[in-house]
Each structure stands twice: as C-alpha cells, then as structure tokens.
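*Asks:* Handing over my_file-v1.txt, compact mmCIF, C-alpha atoms.
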# COMPACT_ATOMS: atom_id res chain seq x y z
CA MET B 1 0.00 0.00 0.00
CA PHE B 2 2.84 2.43 0.85
CA ASP B 3 6.21 2.72 -0.82
CA PRO B 4 9.37 1.72 1.06
CA GLU B 5 10.39 5.35 1.68
CA THR B 6 7.09 6.13 3.40
CA LEU B 7 7.24 2.99 5.50
CA ALA B 8 10.83 3.68 6.51
CA LEU B 9 9.92 7.19 7.63
CA ALA B 10 6.89 5.88 9.53
CA GLU B 11 9.12 3.34 11.28
CA GLN B 12 11.51 6.11 12.30
CA VAL B 13 8.63 8.16 13.73
CA LEU B 14 7.46 5.18 15.77
CA ALA B 15 10.97 4.44 17.03
CA ALA B 16 11.57 8.06 18.02
CA CYS B 17 8.25 8.19 19.88
CA ARG B 18 8.97 4.88 21.61
CA ALA B 19 12.35 6.21 22.76
CA ARG B 20 10.49 9.01 24.57
CA ASN B 21 7.53 6.86 25.61
CA TRP B 22 5.31 9.19 23.59
CA HIS B 23 1.88 8.49 22.19
CA LEU B 24 0.43 10.37 19.26
CA ALA B 25 -2.82 11.19 17.52
CA THR B 26 -3.56 12.44 14.03
CA ALA B 27 -6.23 14.95 13.00
CA GLU B 28 -6.55 14.77 9.24
CA SER B 29 -8.74 16.48 6.70
CA CYS B 30 -7.41 16.52 3.12
CA THR B 31 -5.26 13.42 3.70
CA GLY B 32 -8.27 11.45 4.91
CA GLY B 33 -6.29 9.26 7.32
CA LEU B 34 -3.16 8.62 5.24
CA VAL B 35 -0.82 9.53 8.09
CA ALA B 36 -2.55 7.16 10.49
CA ALA B 37 -2.63 4.48 7.80
CA ALA B 38 1.10 4.80 7.14
CA LEU B 39 1.95 4.62 10.83
CA THR B 40 -0.36 1.68 11.50
CA ALA B 41 0.99 -0.20 8.48
CA ILE B 42 3.93 -0.95 10.77
CA ALA B 43 3.48 -3.90 13.13
CA ASP B 44 3.24 -3.03 16.82
CA SER B 45 2.44 0.62 16.10
CA SER B 46 -0.35 0.47 18.67
CA ASP B 47 2.15 1.23 21.43
CA VAL B 48 2.58 4.71 19.89
CA VAL B 49 -0.49 5.50 17.80
CA GLU B 50 -3.39 6.17 20.18
CA ARG B 51 -6.05 7.36 17.74
CA SER B 52 -6.84 9.20 14.57
CA PHE B 53 -9.49 11.76 13.78
CA VAL B 54 -10.55 12.13 10.17
CA ALA B 55 -12.38 15.45 10.27
CA TYR B 56 -13.22 16.21 6.67
CA SER B 57 -16.24 18.45 7.17
CA ASN B 58 -16.32 21.65 9.18
CA GLU B 59 -18.87 20.03 11.48
CA ALA B 60 -16.47 17.17 12.18
CA LYS B 61 -13.67 19.61 12.93
CA MET B 62 -15.90 21.31 15.48
CA GLU B 63 -17.49 18.18 16.99
CA LEU B 64 -14.50 15.85 17.09
CA LEU B 65 -11.69 18.31 17.72
CA GLY B 66 -13.33 21.33 19.31
CA VAL B 67 -12.41 23.78 16.57
CA ALA B 68 -14.44 26.92 17.24
CA ALA B 69 -17.06 27.84 14.66
CA ASP B 70 -15.72 31.40 14.86
CA THR B 71 -12.26 30.20 13.83
CA ILE B 72 -13.59 28.48 10.74
CA ALA B 73 -15.89 31.42 9.92
CA ALA B 74 -13.10 33.98 10.27
CA HIS B 75 -10.24 32.09 8.64
CA GLY B 76 -11.72 29.15 6.73
CA ALA B 77 -11.25 25.42 7.09
CA VAL B 78 -7.96 25.66 5.21
CA SER B 79 -6.03 28.03 7.44
CA ALA B 80 -3.20 28.07 9.93
CA GLN B 81 -5.68 28.88 12.70
CA THR B 82 -7.94 25.91 11.97
CA CYS B 83 -4.97 23.61 11.57
CA ALA B 84 -3.51 24.66 14.93
CA ALA B 85 -6.89 24.23 16.61
CA MET B 86 -7.18 20.73 15.15
CA ALA B 87 -3.74 19.70 16.45
CA ARG B 88 -4.51 21.13 19.88
CA GLY B 89 -7.91 19.43 19.82
CA ALA B 90 -6.35 16.05 19.07
CA VAL B 91 -4.04 16.41 22.06
CA ALA B 92 -6.86 17.64 24.28
CA ARG B 93 -9.19 14.78 23.32
CA ALA B 94 -6.72 11.90 23.49
CA PRO B 95 -4.20 10.73 26.09
CA VAL B 96 -1.24 11.64 23.87
CA ASP B 97 1.95 13.64 23.96
CA LEU B 98 1.89 14.79 20.34
CA GLY B 99 -0.73 15.56 17.75
CA VAL B 100 -0.40 16.28 14.06
CA SER B 101 -3.05 17.93 11.90
CA ILE B 102 -3.44 18.50 8.19
CA VAL B 103 -5.81 20.70 6.18
CA GLY B 104 -5.51 21.70 2.57
CA VAL B 105 -6.82 22.03 -0.94
CA ALA B 106 -5.88 18.80 -2.69
CA GLY B 107 -7.86 19.55 -5.86
CA PRO B 108 -8.46 19.23 -8.62
CA GLY B 109 -11.11 21.85 -7.84
CA GLY B 110 -11.73 24.08 -4.87
CA GLY B 111 -8.75 26.36 -5.27
CA THR B 112 -8.90 30.15 -5.21
CA PRO B 113 -6.22 32.80 -5.81
CA GLN B 114 -5.83 33.11 -2.01
CA LYS B 115 -5.97 29.36 -1.40
CA PRO B 116 -4.74 27.57 -4.51
CA VAL B 117 -4.84 23.85 -5.19
CA GLY B 118 -1.80 22.40 -3.44
CA LEU B 119 -2.01 24.67 -0.38
CA VAL B 120 -1.55 22.57 2.76
CA TYR B 121 -1.18 23.50 6.43
CA LEU B 122 0.37 21.01 8.83
CA GLY B 123 0.14 21.50 12.57
CA LEU B 124 1.94 19.96 15.52
CA ALA B 125 0.82 20.27 19.12
CA ARG B 126 2.31 18.93 22.31
CA LYS B 127 0.63 17.99 25.54
CA ASP B 128 2.16 21.10 27.15
CA GLY B 129 0.04 23.29 24.85
CA THR B 130 2.71 24.40 22.46
CA ALA B 131 1.73 24.29 18.81
CA ARG B 132 3.13 25.33 15.47
CA VAL B 133 1.89 25.28 11.91
CA GLU B 134 3.73 25.04 8.62
CA ARG B 135 2.34 26.23 5.29
CA ARG B 136 3.28 24.62 1.99
CA ILE B 137 2.11 24.70 -1.60
CA PHE B 138 2.72 21.33 -3.23
CA PRO B 139 2.69 20.81 -6.99
CA GLY B 140 0.93 17.97 -8.73
CA ASP B 141 -2.40 16.26 -8.85
CA ARG B 142 -4.58 15.24 -5.91
CA THR B 143 -2.61 12.06 -5.22
CA GLU B 144 0.75 13.83 -5.39
CA ILE B 145 -0.42 16.63 -3.08
CA ARG B 146 -1.82 14.21 -0.52
CA ASN B 147 1.34 12.07 -0.63
CA ALA B 148 3.55 15.14 -0.23
CA ALA B 149 1.48 16.18 2.80
CA LEU B 150 1.79 12.66 4.23
CA MET B 151 5.56 12.69 3.90
CA LEU B 152 5.90 16.16 5.41
CA ALA B 153 3.64 15.17 8.31
CA LEU B 154 5.82 12.14 9.04
CA ASP B 155 8.95 14.26 8.74
CA LEU B 156 7.55 16.86 11.15
CA LEU B 157 6.53 14.17 13.63
CA LEU B 158 10.02 12.68 13.44
CA GLY B 159 11.68 16.04 13.99
CA GLU B 160 9.44 16.82 16.95
CA ALA B 161 9.98 13.40 18.54
CA ARG B 162 13.74 13.81 18.18
CA SER B 163 13.82 17.37 19.53
CA SER B 164 14.46 18.28 23.13
Re-express the file's structure as structure tokens.
*Replies:*
Amino acid sequence: MFDPETLALAEQVLAACRARNWHLATAESCTGGLVAAALTAIADSSDVVERSFVAYSNEAKMELLGVAADTIAAHGAVSAQTCAAMARGAVARAPVDLGVSIVGVAGPGGGTPQKPVGLVYLGLARKDGTARVERRIFPGDRTEIRNAALMLALDLLLGEARSS
C-alpha cells in the first residue's frame, strides 16, 4: 500500500516516539487518514499510535476536535488557525503527547487565488500546549499533493519526537 520510503519514515517516527515513551494522535482532513494508515501499516504501532481523527467536514472539525465555529468562519477550514486548533484538539481529546493535523486544498477543484490547489497546512501540538503550523504549496495532482502532505507530516513528527 505504501512505498518503502514512506514505511521507513513511519518506522523512524514510531521508534523516536517509543524512545520518549510518547503516544500520538492524528487529525486529518485533506489526507483522509493517510498519516494514520502509514503509521499503522507498521506492526506493533499500537504502542505509539493512540487514535486518529478524520475530520473532513467543518462540522467534524468542530465536533471531534473542538475547533471553534468562529475560527472556521473567520479564517476558513484551510487556514493556519484551523490547523492549529485541530492539532490542539487532538491532544486535548486523546491521552497523547503529540498531535499532528493536516488541512488543505488537494484539488483538482476548490482552489482560489488566495488558497490555490496544493495549499496545505500542517500542525503539531504537544501535551504542554505548544503548537506550530507550517504552510506549503505542493505541486501535482490530488494524489501527489496528498502524498507530499503525508511525507511532510511524518517528517515533522520525526523532527518533533527527536527534539528536546
């Protein structure tokens, strides 16, 4: 299902989290669970991966992750603010140390001049409340954009798990 590079990166994320006794959760929109699927493709990942939220609709973002309606109304579902709220919500609603979130415009439609196809926000939140968001614009079709977001999410998780 996943290429060897993706699986290798997922294994590294799991190993880095195990080394810190960390558990993680994902909160995914445009990737529809790809990050969780890549991590759980590895045997024994259940000692790290606690749960995954696939919050595709705005209602799901609000109900499952506690994203404020005002945040979505003011900034949109595809925004740094919504992405940060999703990552924080995942950490708040699961017994985890780290949460990753992804929102974006994977296309082929739905893009605007302000939010073009390929725009993706990735968020990371820790149990201590700290959070950060990265913005990227990935080239390619829907599959390529989603795969690029998956790989960046795994890379960000790895970096965070290896940081002090």
*Asks:* Which residues, written as a list in words, have at least one atom at most 8 Å from region 72-79 of chain B, with all atoms listed in the file counted and residues fewer than 4 positions away on the same chain left out?
*Replies:*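 Final neighbour list, sorted by chain and number: Asn58, Val67, Ala68, Cys83, Val103, Gly104, Val105, Lys115, Val120 and Tyr121 of chain B.
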*Asks:* Would you compute the distance between CA of Val133 (chain B) and CA of Gln81 (chain B)? Give it in Å to one decimal.
*Replies:*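 We find that CA of Val133 (chain B) and CA of Gln81 (chain B) lie 8.4 Å from each other.
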*Asks:* Have a look at CA of Pro95 (chain B) and CA of Met1 (chain B) and let me know their distance in Å, one decimal.
*Replies:*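 CA of Met1 (chain B) lies at a distance of 28.5 Å from CA of Pro95 (chain B).
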*Asks:* Closest to Ser52 (chain B) among B:Thr143, B:Ser164, B:Ser101, B:Thr71, using only C-alpha atoms?
*Replies:* B:Ser101
*Asks:* Considering all atoms listed in the file, state which residue in the set B:Ala41, B:Leu24, B:Ala90, B:Ala84 is at the smallest distance from Leu65 (chain B).
*Replies:*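 Nearest to Leu65 (chain B): B:Ala90.
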*Asks:* Take CA of Asp44 (chain B) and CA of Leu14 (chain B) and report the distance between them in Å, one decimal.
*Replies:*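 Those two atoms sit 9.3 Å apart.
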